[in-house]
$ cat input.txt   # compact mmCIF, C-alpha atoms
# COMPACT_ATOMS: atom_id res chain seq x y z
CA MET A 1296 24.34 56.59 -41.99
CA THR A 1297 23.66 56.63 -45.71
CA SER A 1298 19.86 56.54 -45.98
CA PRO A 1299 18.40 58.00 -49.17
CA VAL A 1300 17.03 61.52 -48.83
CA THR A 1301 14.71 63.66 -50.91
CA PHE A 1302 15.72 67.15 -51.94
CA VAL A 1303 12.72 69.39 -52.64
CA ASN A 1304 13.10 72.88 -54.09
CA CYS A 1305 10.07 75.17 -54.58
CA PHE A 1306 10.54 78.01 -57.07
CA ASP A 1307 8.66 81.22 -57.59
CA VAL A 1308 8.81 82.05 -61.31
CA PRO A 1309 7.23 85.30 -62.55
CA PHE A 1310 4.64 84.87 -65.28
CA GLY A 1311 6.23 84.70 -68.73
CA GLU A 1312 9.75 83.90 -67.46
CA ASP A 1313 9.53 80.12 -67.73
CA GLN A 1314 12.09 79.81 -70.52
CA GLU A 1315 14.77 81.73 -68.64
CA PHE A 1316 14.02 79.79 -65.45
CA LEU A 1317 14.23 76.44 -67.25
CA ARG A 1318 17.52 77.41 -68.91
CA LEU A 1319 19.09 78.22 -65.52
CA TRP A 1320 17.52 75.26 -63.76
CA ARG A 1321 18.76 72.77 -66.39
CA GLN A 1322 22.29 74.17 -66.05
CA VAL A 1323 22.33 73.65 -62.28
CA ASN A 1324 20.51 70.32 -62.53
CA ALA A 1325 23.02 68.96 -65.09
CA TYR A 1326 25.80 69.78 -62.63
CA ALA A 1327 23.94 68.02 -59.80
CA GLN A 1328 23.35 64.96 -62.00
CA SER A 1329 27.12 64.65 -62.59
CA LYS A 1330 27.76 64.21 -58.85
CA PRO A 1331 28.03 60.94 -56.88
CA GLY A 1332 24.84 60.15 -54.99
CA TYR A 1333 22.39 61.74 -57.45
CA LEU A 1334 19.64 59.17 -58.11
CA SER A 1335 16.72 60.87 -59.85
CA HIS A 1336 14.69 64.05 -60.20
CA ALA A 1337 11.27 65.18 -61.39
CA LEU A 1338 10.66 68.85 -62.10
CA HIS A 1339 6.97 69.68 -61.62
CA ARG A 1340 5.16 72.61 -63.24
CA ALA A 1341 1.83 73.81 -61.83
CA LEU A 1342 -1.20 73.27 -64.08
CA GLY A 1343 -2.46 76.73 -63.08
CA ARG A 1344 -0.41 79.81 -62.22
CA ASP A 1345 -2.39 80.75 -59.13
CA THR A 1346 0.32 79.46 -56.77
CA ARG A 1347 3.49 80.87 -55.20
CA ASN A 1348 5.21 77.59 -56.21
CA PRO A 1349 4.78 77.30 -60.00
CA TYR A 1350 7.78 74.91 -60.18
CA ILE A 1351 8.83 72.25 -57.69
CA ASN A 1352 11.79 69.93 -58.15
CA VAL A 1353 11.76 66.63 -56.23
CA ALA A 1354 15.09 64.78 -56.37
CA GLN A 1355 16.40 61.62 -54.73
CA TRP A 1356 19.93 61.43 -53.38
CA ALA A 1357 21.68 58.37 -51.97
CA SER A 1358 22.60 60.25 -48.77
CA ALA A 1359 22.52 63.69 -47.17
CA GLU A 1360 26.35 63.58 -47.09
CA GLN A 1361 26.59 63.13 -50.85
CA PHE A 1362 24.03 65.86 -51.45
CA ARG A 1363 26.02 68.25 -49.27
CA ALA A 1364 29.27 67.30 -51.03
CA ALA A 1365 27.56 67.97 -54.40
CA THR A 1366 26.61 71.50 -53.39
CA ASP A 1367 30.25 72.56 -53.57
CA ASP A 1368 31.94 75.87 -54.40
CA ARG A 1369 31.16 75.63 -58.12
CA PHE A 1370 27.52 74.75 -57.38
CA ARG A 1371 27.18 77.69 -54.99
CA ALA A 1372 28.73 80.01 -57.56
CA MET A 1373 26.13 78.90 -60.13
CA ILE A 1374 23.14 79.59 -57.89
CA ALA A 1375 24.65 82.88 -56.70
CA ALA A 1376 24.56 84.24 -60.29
CA PRO A 1377 22.50 87.45 -60.56
CA GLU A 1378 20.01 85.81 -63.01
CA TRP A 1379 18.82 83.52 -60.20
CA GLN A 1380 17.64 86.46 -58.12
CA ARG A 1381 14.50 86.64 -60.28
CA PHE A 1382 13.54 83.13 -59.12
CA PRO A 1383 13.31 82.79 -55.33
CA ALA A 1384 13.86 79.20 -54.21
CA LEU A 1385 13.00 77.27 -51.04
CA PRO A 1386 15.33 74.26 -50.96
CA ALA A 1387 15.51 71.63 -48.18
CA LEU A 1388 16.29 67.97 -47.55
CA TYR A 1389 13.44 65.66 -46.50
CA GLU A 1390 12.67 62.16 -45.33
CA VAL A 1391 9.40 60.36 -46.08
CA VAL A 1392 7.32 59.89 -42.91
CA ASP A 1393 4.02 58.60 -44.33
CA GLU A 1394 3.66 56.80 -47.63
CA ARG A 1395 1.13 54.77 -49.51
CA GLY A 1396 1.26 53.55 -53.08
CA ALA A 1397 -1.26 51.97 -55.40
CA GLY A 1398 0.36 48.60 -54.64
CA ASN A 1399 0.60 49.01 -50.83
CA MET B 506 -8.17 63.79 -71.02
CA THR B 507 -7.29 61.67 -68.01
CA SER B 508 -3.51 62.06 -67.65
CA PRO B 509 -2.14 61.43 -64.16
CA VAL B 510 -1.36 64.56 -62.16
CA THR B 511 0.70 65.28 -59.07
CA PHE B 512 -0.80 67.14 -56.14
CA VAL B 513 1.84 68.89 -54.03
CA ASN B 514 0.99 70.60 -50.76
CA CYS B 515 3.62 72.54 -48.77
CA PHE B 516 2.86 73.08 -45.08
CA ASP B 517 4.23 75.52 -42.57
CA VAL B 518 4.15 73.82 -39.16
CA PRO B 519 5.26 75.78 -36.08
CA PHE B 520 8.04 74.16 -34.07
CA GLY B 521 6.67 71.62 -31.57
CA GLU B 522 3.26 71.25 -33.26
CA ASP B 523 4.10 68.23 -35.40
CA GLN B 524 1.79 65.85 -33.55
CA GLU B 525 -1.27 68.05 -33.98
CA PHE B 526 -0.39 68.69 -37.62
CA LEU B 527 0.04 64.95 -38.32
CA ARG B 528 -3.27 64.13 -36.61
CA LEU B 529 -5.14 66.61 -38.82
CA TRP B 530 -3.21 65.70 -41.98
CA ARG B 531 -3.89 61.95 -41.54
CA GLN B 532 -7.60 62.67 -41.15
CA VAL B 533 -7.79 64.62 -44.41
CA ASN B 534 -5.45 62.20 -46.18
CA ALA B 535 -7.55 59.17 -45.19
CA TYR B 536 -10.57 60.87 -46.75
CA ALA B 537 -8.61 61.59 -49.96
CA GLN B 538 -7.42 57.97 -50.09
CA SER B 539 -11.03 56.76 -50.04
CA LYS B 540 -11.79 58.65 -53.28
CA PRO B 541 -11.67 57.32 -56.87
CA GLY B 542 -8.48 58.39 -58.66
CA TYR B 543 -6.20 58.49 -55.60
CA LEU B 544 -3.04 56.55 -56.53
CA SER B 545 -0.33 57.24 -53.95
CA HIS B 546 1.18 59.78 -51.57
CA ALA B 547 4.43 60.45 -49.75
CA LEU B 548 4.48 62.92 -46.87
CA HIS B 549 7.95 64.44 -46.53
CA ARG B 550 9.37 65.97 -43.34
CA ALA B 551 12.37 68.30 -43.50
CA LEU B 552 15.57 66.96 -41.90
CA GLY B 553 16.21 70.43 -40.45
CA ARG B 554 13.66 72.99 -39.29
CA ASP B 555 15.28 75.96 -41.03
CA THR B 556 12.67 76.02 -43.81
CA ARG B 557 9.25 77.57 -44.35
CA ASN B 558 8.13 74.16 -45.71
CA PRO B 559 8.79 71.65 -42.92
CA TYR B 560 6.23 69.22 -44.43
CA ILE B 561 5.49 68.57 -48.10
CA ASN B 562 2.97 66.02 -49.35
CA VAL B 563 3.43 64.69 -52.90
CA ALA B 564 0.45 62.65 -54.14
CA GLN B 565 -0.42 61.04 -57.46
CA TRP B 566 -3.95 61.18 -58.83
CA ALA B 567 -5.26 59.44 -61.94
CA SER B 568 -6.64 62.72 -63.31
CA ALA B 569 -7.23 66.37 -62.43
CA GLU B 570 -10.97 65.73 -62.77
CA GLN B 571 -10.91 62.99 -60.14
CA PHE B 572 -8.80 65.12 -57.81
CA ARG B 573 -11.28 67.99 -58.14
CA ALA B 574 -14.21 65.64 -57.54
CA ALA B 575 -12.46 64.32 -54.41
CA THR B 576 -12.15 67.81 -52.92
CA ASP B 577 -15.89 67.93 -52.33
CA ASP B 578 -18.02 69.67 -49.71
CA ARG B 579 -17.01 67.30 -46.93
CA PHE B 580 -13.34 67.66 -47.84
CA ARG B 581 -13.59 71.46 -47.85
CA ALA B 582 -15.36 71.39 -44.49
CA MET B 583 -12.47 69.35 -43.02
CA ILE B 584 -9.77 71.76 -44.16
CA ALA B 585 -11.86 74.78 -43.12
CA ALA B 586 -11.77 73.58 -39.49
CA PRO B 587 -10.25 76.23 -37.16
CA GLU B 588 -7.42 73.85 -36.13
CA TRP B 589 -6.02 74.02 -39.68
CA GLN B 590 -5.44 77.77 -39.39
CA ARG B 591 -2.25 77.07 -37.42
CA PHE B 592 -0.81 75.26 -40.45
CA PRO B 593 -0.74 77.40 -43.61
CA ALA B 594 -0.76 75.25 -46.75
CA LEU B 595 0.19 75.89 -50.39
CA PRO B 596 -1.62 73.25 -52.45
CA ALA B 597 -1.53 72.94 -56.25
CA LEU B 598 -1.75 70.41 -59.09
CA TYR B 599 1.37 69.75 -61.19
CA GLU B 600 2.61 67.91 -64.25
CA VAL B 601 6.18 66.59 -64.59
CA VAL B 602 8.12 68.54 -67.24
CA ASP B 603 11.67 67.21 -66.75
CA GLU B 604 12.49 63.84 -65.26
CA ARG B 605 15.43 61.50 -64.95
CA GLY B 606 15.71 58.33 -62.93
CA ALA B 607 18.61 56.11 -61.91
CA GLY B 608 17.55 53.74 -64.71
CA ASN B 609 17.08 56.38 -67.46

$ encode --input "input.txt" --output "structure tokens"
Amino acid sequence: MTSPVTFVNCFDVPFGEDQEFLRLWRQVNAYAQSKPGYLSHALHRALGRDTRNPYINVAQWASAEQFRAATDDRFRAMIAAPEWQRFPALPALYEVVDERGAGN
Amino acid sequence: MTSPVTFVNCFDVPFGEDQEFLRLWRQVNAYAQSKPGYLSHALHRALGRDTRNPYINVAQWASAEQFRAATDDRFRAMIAAPEWQRFPALPALYEVVDERGAGN
């Protein structure tokens, strides 16, 4: 059972704190990228700030097992750092259930 | 100014109401697909239900202008239907600010 999965994480980032958020996010993301099973990511920033989700990361992993193995003790320690408490996150693993592309 | 944009919509769907949600979502999505500028979409469903975002749609549009033109009176009437009130949504337009793929 090693189907690819999508990890989506929605972040609430207070106005004016983008630089600090990006610094922390890049640190955690670099660690994730070093792990087996990481395939790709795209960090999205809202065009307007009238949303509770100004940043959303969408990442592909080769399997849920590899994603779970990547979120190890060191990973958990990073996201438990007090600086992260300013940036509430809603992370979860997903599968695609309805898809259509320009070429489909 | 016609850069592609990403429309992300996070949905809260009460447990057991997936079928009704999908019926409504497909109706609105079919309308969006018929509009100029729609490029692609992928509707994601969470692998577990322990999240406030059990469904997330990620769609590509050719430009913010075309997306805004697509969300016209008929579109707004569809999403204002009373059935939609069971499924709170957090929609917004995004640009990608940090990206890495398996081939990068």

$ interface_residues --input "input.txt" --of "chain B" --to "chain A" --cutoff "8 Å" --atoms "only C-alpha atoms" --output "VMD selection string"
chain B and resid 544 to 553 556 to 558 595 to 607

$ residues_around --input "input.txt" --residues "A:Met1373" --least-positions-apart "2" --cutoff "12 Å" --atoms "all atoms listed in the file" --output "ChimeraX atom specification"
/A:1319-1327,1366-1371,1375-1380

$ atom_distance --input "input.txt" --atom1 "atom CA of A:Glu1312" --atom2 "atom CA of A:Pro1383"
12.7 Å

$ calpha_fit_and_write --input "input.txt" --fixed "chain A" --moving "chain B" --output "PDB file with C-alpha atoms, in the coordinates of the input"
ATOM      1  CA  MET B 506      24.372  56.510 -42.005  1.00  0.00           C
ATOM      2  CA  THR B 507      23.673  56.621 -45.723  1.00  0.00           C
ATOM      3  CA  SER B 508      19.865  56.536 -45.974  1.00  0.00           C
ATOM      4  CA  PRO B 509      18.417  58.007 -49.167  1.00  0.00           C
ATOM      5  CA  VAL B 510      17.032  61.524 -48.821  1.00  0.00           C
ATOM      6  CA  THR B 511      14.710  63.668 -50.899  1.00  0.00           C
ATOM      7  CA  PHE B 512      15.722  67.159 -51.942  1.00  0.00           C
ATOM      8  CA  VAL B 513      12.719  69.388 -52.646  1.00  0.00           C
ATOM      9  CA  ASN B 514      13.096  72.871 -54.084  1.00  0.00           C
ATOM     10  CA  CYS B 515      10.079  75.173 -54.577  1.00  0.00           C
ATOM     11  CA  PHE B 516      10.531  78.007 -57.076  1.00  0.00           C
ATOM     12  CA  ASP B 517       8.645  81.218 -57.591  1.00  0.00           C
ATOM     13  CA  VAL B 518       8.803  82.054 -61.307  1.00  0.00           C
ATOM     14  CA  PRO B 519       7.218  85.294 -62.551  1.00  0.00           C
ATOM     15  CA  PHE B 520       4.624  84.859 -65.285  1.00  0.00           C
ATOM     16  CA  GLY B 521       6.239  84.692 -68.741  1.00  0.00           C
ATOM     17  CA  GLU B 522       9.755  83.905 -67.461  1.00  0.00           C
ATOM     18  CA  ASP B 523       9.535  80.125 -67.720  1.00  0.00           C
ATOM     19  CA  GLN B 524      12.088  79.827 -70.516  1.00  0.00           C
ATOM     20  CA  GLU B 525      14.774  81.735 -68.637  1.00  0.00           C
ATOM     21  CA  PHE B 526      14.012  79.816 -65.448  1.00  0.00           C
ATOM     22  CA  LEU B 527      14.229  76.448 -67.256  1.00  0.00           C
ATOM     23  CA  ARG B 528      17.525  77.418 -68.915  1.00  0.00           C
ATOM     24  CA  LEU B 529      19.095  78.240 -65.540  1.00  0.00           C
ATOM     25  CA  TRP B 530      17.520  75.265 -63.751  1.00  0.00           C
ATOM     26  CA  ARG B 531      18.767  72.777 -66.392  1.00  0.00           C
ATOM     27  CA  GLN B 532      22.285  74.168 -66.039  1.00  0.00           C
ATOM     28  CA  VAL B 533      22.345  73.661 -62.270  1.00  0.00           C
ATOM     29  CA  ASN B 534      20.529  70.329 -62.528  1.00  0.00           C
ATOM     30  CA  ALA B 535      23.028  68.964 -65.070  1.00  0.00           C
ATOM     31  CA  TYR B 536      25.820  69.780 -62.624  1.00  0.00           C
ATOM     32  CA  ALA B 537      23.956  68.016 -59.781  1.00  0.00           C
ATOM     33  CA  GLN B 538      23.373  64.972 -62.002  1.00  0.00           C
ATOM     34  CA  SER B 539      27.121  64.658 -62.591  1.00  0.00           C
ATOM     35  CA  LYS B 540      27.752  64.209 -58.843  1.00  0.00           C
ATOM     36  CA  PRO B 541      28.052  60.935 -56.878  1.00  0.00           C
ATOM     37  CA  GLY B 542      24.839  60.126 -54.994  1.00  0.00           C
ATOM     38  CA  TYR B 543      22.401  61.742 -57.448  1.00  0.00           C
ATOM     39  CA  LEU B 544      19.652  59.169 -58.109  1.00  0.00           C
ATOM     40  CA  SER B 545      16.724  60.868 -59.845  1.00  0.00           C
ATOM     41  CA  HIS B 546      14.692  64.053 -60.204  1.00  0.00           C
ATOM     42  CA  ALA B 547      11.278  65.176 -61.390  1.00  0.00           C
ATOM     43  CA  LEU B 548      10.668  68.853 -62.101  1.00  0.00           C
ATOM     44  CA  HIS B 549       6.985  69.671 -61.614  1.00  0.00           C
ATOM     45  CA  ARG B 550       5.158  72.601 -63.230  1.00  0.00           C
ATOM     46  CA  ALA B 551       1.837  73.802 -61.823  1.00  0.00           C
ATOM     47  CA  LEU B 552      -1.192  73.258 -64.086  1.00  0.00           C
ATOM     48  CA  GLY B 553      -2.463  76.715 -63.091  1.00  0.00           C
ATOM     49  CA  ARG B 554      -0.428  79.808 -62.258  1.00  0.00           C
ATOM     50  CA  ASP B 555      -2.401  80.737 -59.141  1.00  0.00           C
ATOM     51  CA  THR B 556       0.319  79.471 -56.788  1.00  0.00           C
ATOM     52  CA  ARG B 557       3.471  80.871 -55.208  1.00  0.00           C
ATOM     53  CA  ASN B 558       5.200  77.594 -56.209  1.00  0.00           C
ATOM     54  CA  PRO B 559       4.794  77.304 -59.986  1.00  0.00           C
ATOM     55  CA  TYR B 560       7.793  74.915 -60.178  1.00  0.00           C
ATOM     56  CA  ILE B 561       8.836  72.250 -57.678  1.00  0.00           C
ATOM     57  CA  ASN B 562      11.800  69.925 -58.149  1.00  0.00           C
ATOM     58  CA  VAL B 563      11.763  66.621 -56.234  1.00  0.00           C
ATOM     59  CA  ALA B 564      15.097  64.766 -56.370  1.00  0.00           C
ATOM     60  CA  GLN B 565      16.403  61.605 -54.734  1.00  0.00           C
ATOM     61  CA  TRP B 566      19.937  61.427 -53.379  1.00  0.00           C
ATOM     62  CA  ALA B 567      21.685  58.368 -51.963  1.00  0.00           C
ATOM     63  CA  SER B 568      22.596  60.248 -48.773  1.00  0.00           C
ATOM     64  CA  ALA B 569      22.541  63.685 -47.152  1.00  0.00           C
ATOM     65  CA  GLU B 570      26.348  63.585 -47.075  1.00  0.00           C
ATOM     66  CA  GLN B 571      26.579  63.116 -50.837  1.00  0.00           C
ATOM     67  CA  PHE B 572      24.025  65.859 -51.447  1.00  0.00           C
ATOM     68  CA  ARG B 573      26.027  68.249 -49.262  1.00  0.00           C
ATOM     69  CA  ALA B 574      29.257  67.295 -51.029  1.00  0.00           C
ATOM     70  CA  ALA B 575      27.566  67.953 -54.392  1.00  0.00           C
ATOM     71  CA  THR B 576      26.615  71.503 -53.397  1.00  0.00           C
ATOM     72  CA  ASP B 577      30.247  72.564 -53.572  1.00  0.00           C
ATOM     73  CA  ASP B 578      31.917  75.871 -54.412  1.00  0.00           C
ATOM     74  CA  ARG B 579      31.144  75.626 -58.114  1.00  0.00           C
ATOM     75  CA  PHE B 580      27.521  74.744 -57.387  1.00  0.00           C
ATOM     76  CA  ARG B 581      27.158  77.687 -54.998  1.00  0.00           C
ATOM     77  CA  ALA B 582      28.722  80.012 -57.563  1.00  0.00           C
ATOM     78  CA  MET B 583      26.118  78.901 -60.144  1.00  0.00           C
ATOM     79  CA  ILE B 584      23.135  79.601 -57.905  1.00  0.00           C
ATOM     80  CA  ALA B 585      24.650  82.897 -56.717  1.00  0.00           C
ATOM     81  CA  ALA B 586      24.547  84.225 -60.302  1.00  0.00           C
ATOM     82  CA  PRO B 587      22.491  87.461 -60.554  1.00  0.00           C
ATOM     83  CA  GLU B 588      20.026  85.825 -63.000  1.00  0.00           C
ATOM     84  CA  TRP B 589      18.821  83.519 -60.203  1.00  0.00           C
ATOM     85  CA  GLN B 590      17.631  86.477 -58.126  1.00  0.00           C
ATOM     86  CA  ARG B 591      14.488  86.655 -60.279  1.00  0.00           C
ATOM     87  CA  PHE B 592      13.532  83.151 -59.124  1.00  0.00           C
ATOM     88  CA  PRO B 593      13.300  82.809 -55.329  1.00  0.00           C
ATOM     89  CA  ALA B 594      13.844  79.210 -54.217  1.00  0.00           C
ATOM     90  CA  LEU B 595      13.013  77.280 -51.032  1.00  0.00           C
ATOM     91  CA  PRO B 596      15.338  74.267 -50.968  1.00  0.00           C
ATOM     92  CA  ALA B 597      15.516  71.648 -48.201  1.00  0.00           C
ATOM     93  CA  LEU B 598      16.302  67.977 -47.550  1.00  0.00           C
ATOM     94  CA  TYR B 599      13.453  65.662 -46.498  1.00  0.00           C
ATOM     95  CA  GLU B 600      12.701  62.148 -45.327  1.00  0.00           C
ATOM     96  CA  VAL B 601       9.415  60.351 -46.085  1.00  0.00           C
ATOM     97  CA  VAL B 602       7.342  59.881 -42.912  1.00  0.00           C
ATOM     98  CA  ASP B 603       4.029  58.597 -44.323  1.00  0.00           C
ATOM     99  CA  GLU B 604       3.677  56.813 -47.631  1.00  0.00           C
ATOM    100  CA  ARG B 605       1.138  54.742 -49.497  1.00  0.00           C
ATOM    101  CA  GLY B 606       1.256  53.529 -53.063  1.00  0.00           C
ATOM    102  CA  ALA B 607      -1.303  51.998 -55.405  1.00  0.00           C
ATOM    103  CA  GLY B 608       0.282  48.610 -54.638  1.00  0.00           C
ATOM    104  CA  ASN B 609       0.478  48.994 -50.821  1.00  0.00           C
TER     105      ASN B 609
END

$ axis_aligned_box --input "input.txt" --around "stretch 1386-1391 of chain A" --padding-each-side "5 Å" --output "AutoDock Vina command-line options"
--center_x 12.8 --center_y 67.3 --center_z -48.1 --size_x 16.9 --size_y 23.9 --size_z 15.6

$ closest_residue --input "input.txt" --among "B:Ala582, B:Arg591, B:Asp523, B:Phe572" --to "B:Ser508" --atoms "all atoms listed in the file"
B:Phe572

$ atom_distance --input "input.txt" --atom1 "atom CA of B:Phe526" --atom2 "atom CA of B:Ser568"
27.1 Å

$ atom_distance --input "input.txt" --atom1 "atom CA of B:Gln524" --atom2 "atom CA of B:Phe592"
12.0 Å

$ residues_around --input "input.txt" --residues "B:Lys540" --least-positions-apart "5" --cutoff "9 Å" --atoms "only C-alpha atoms" --output "MDAnalysis selection string"
chainID B and resid 571:572 574:575
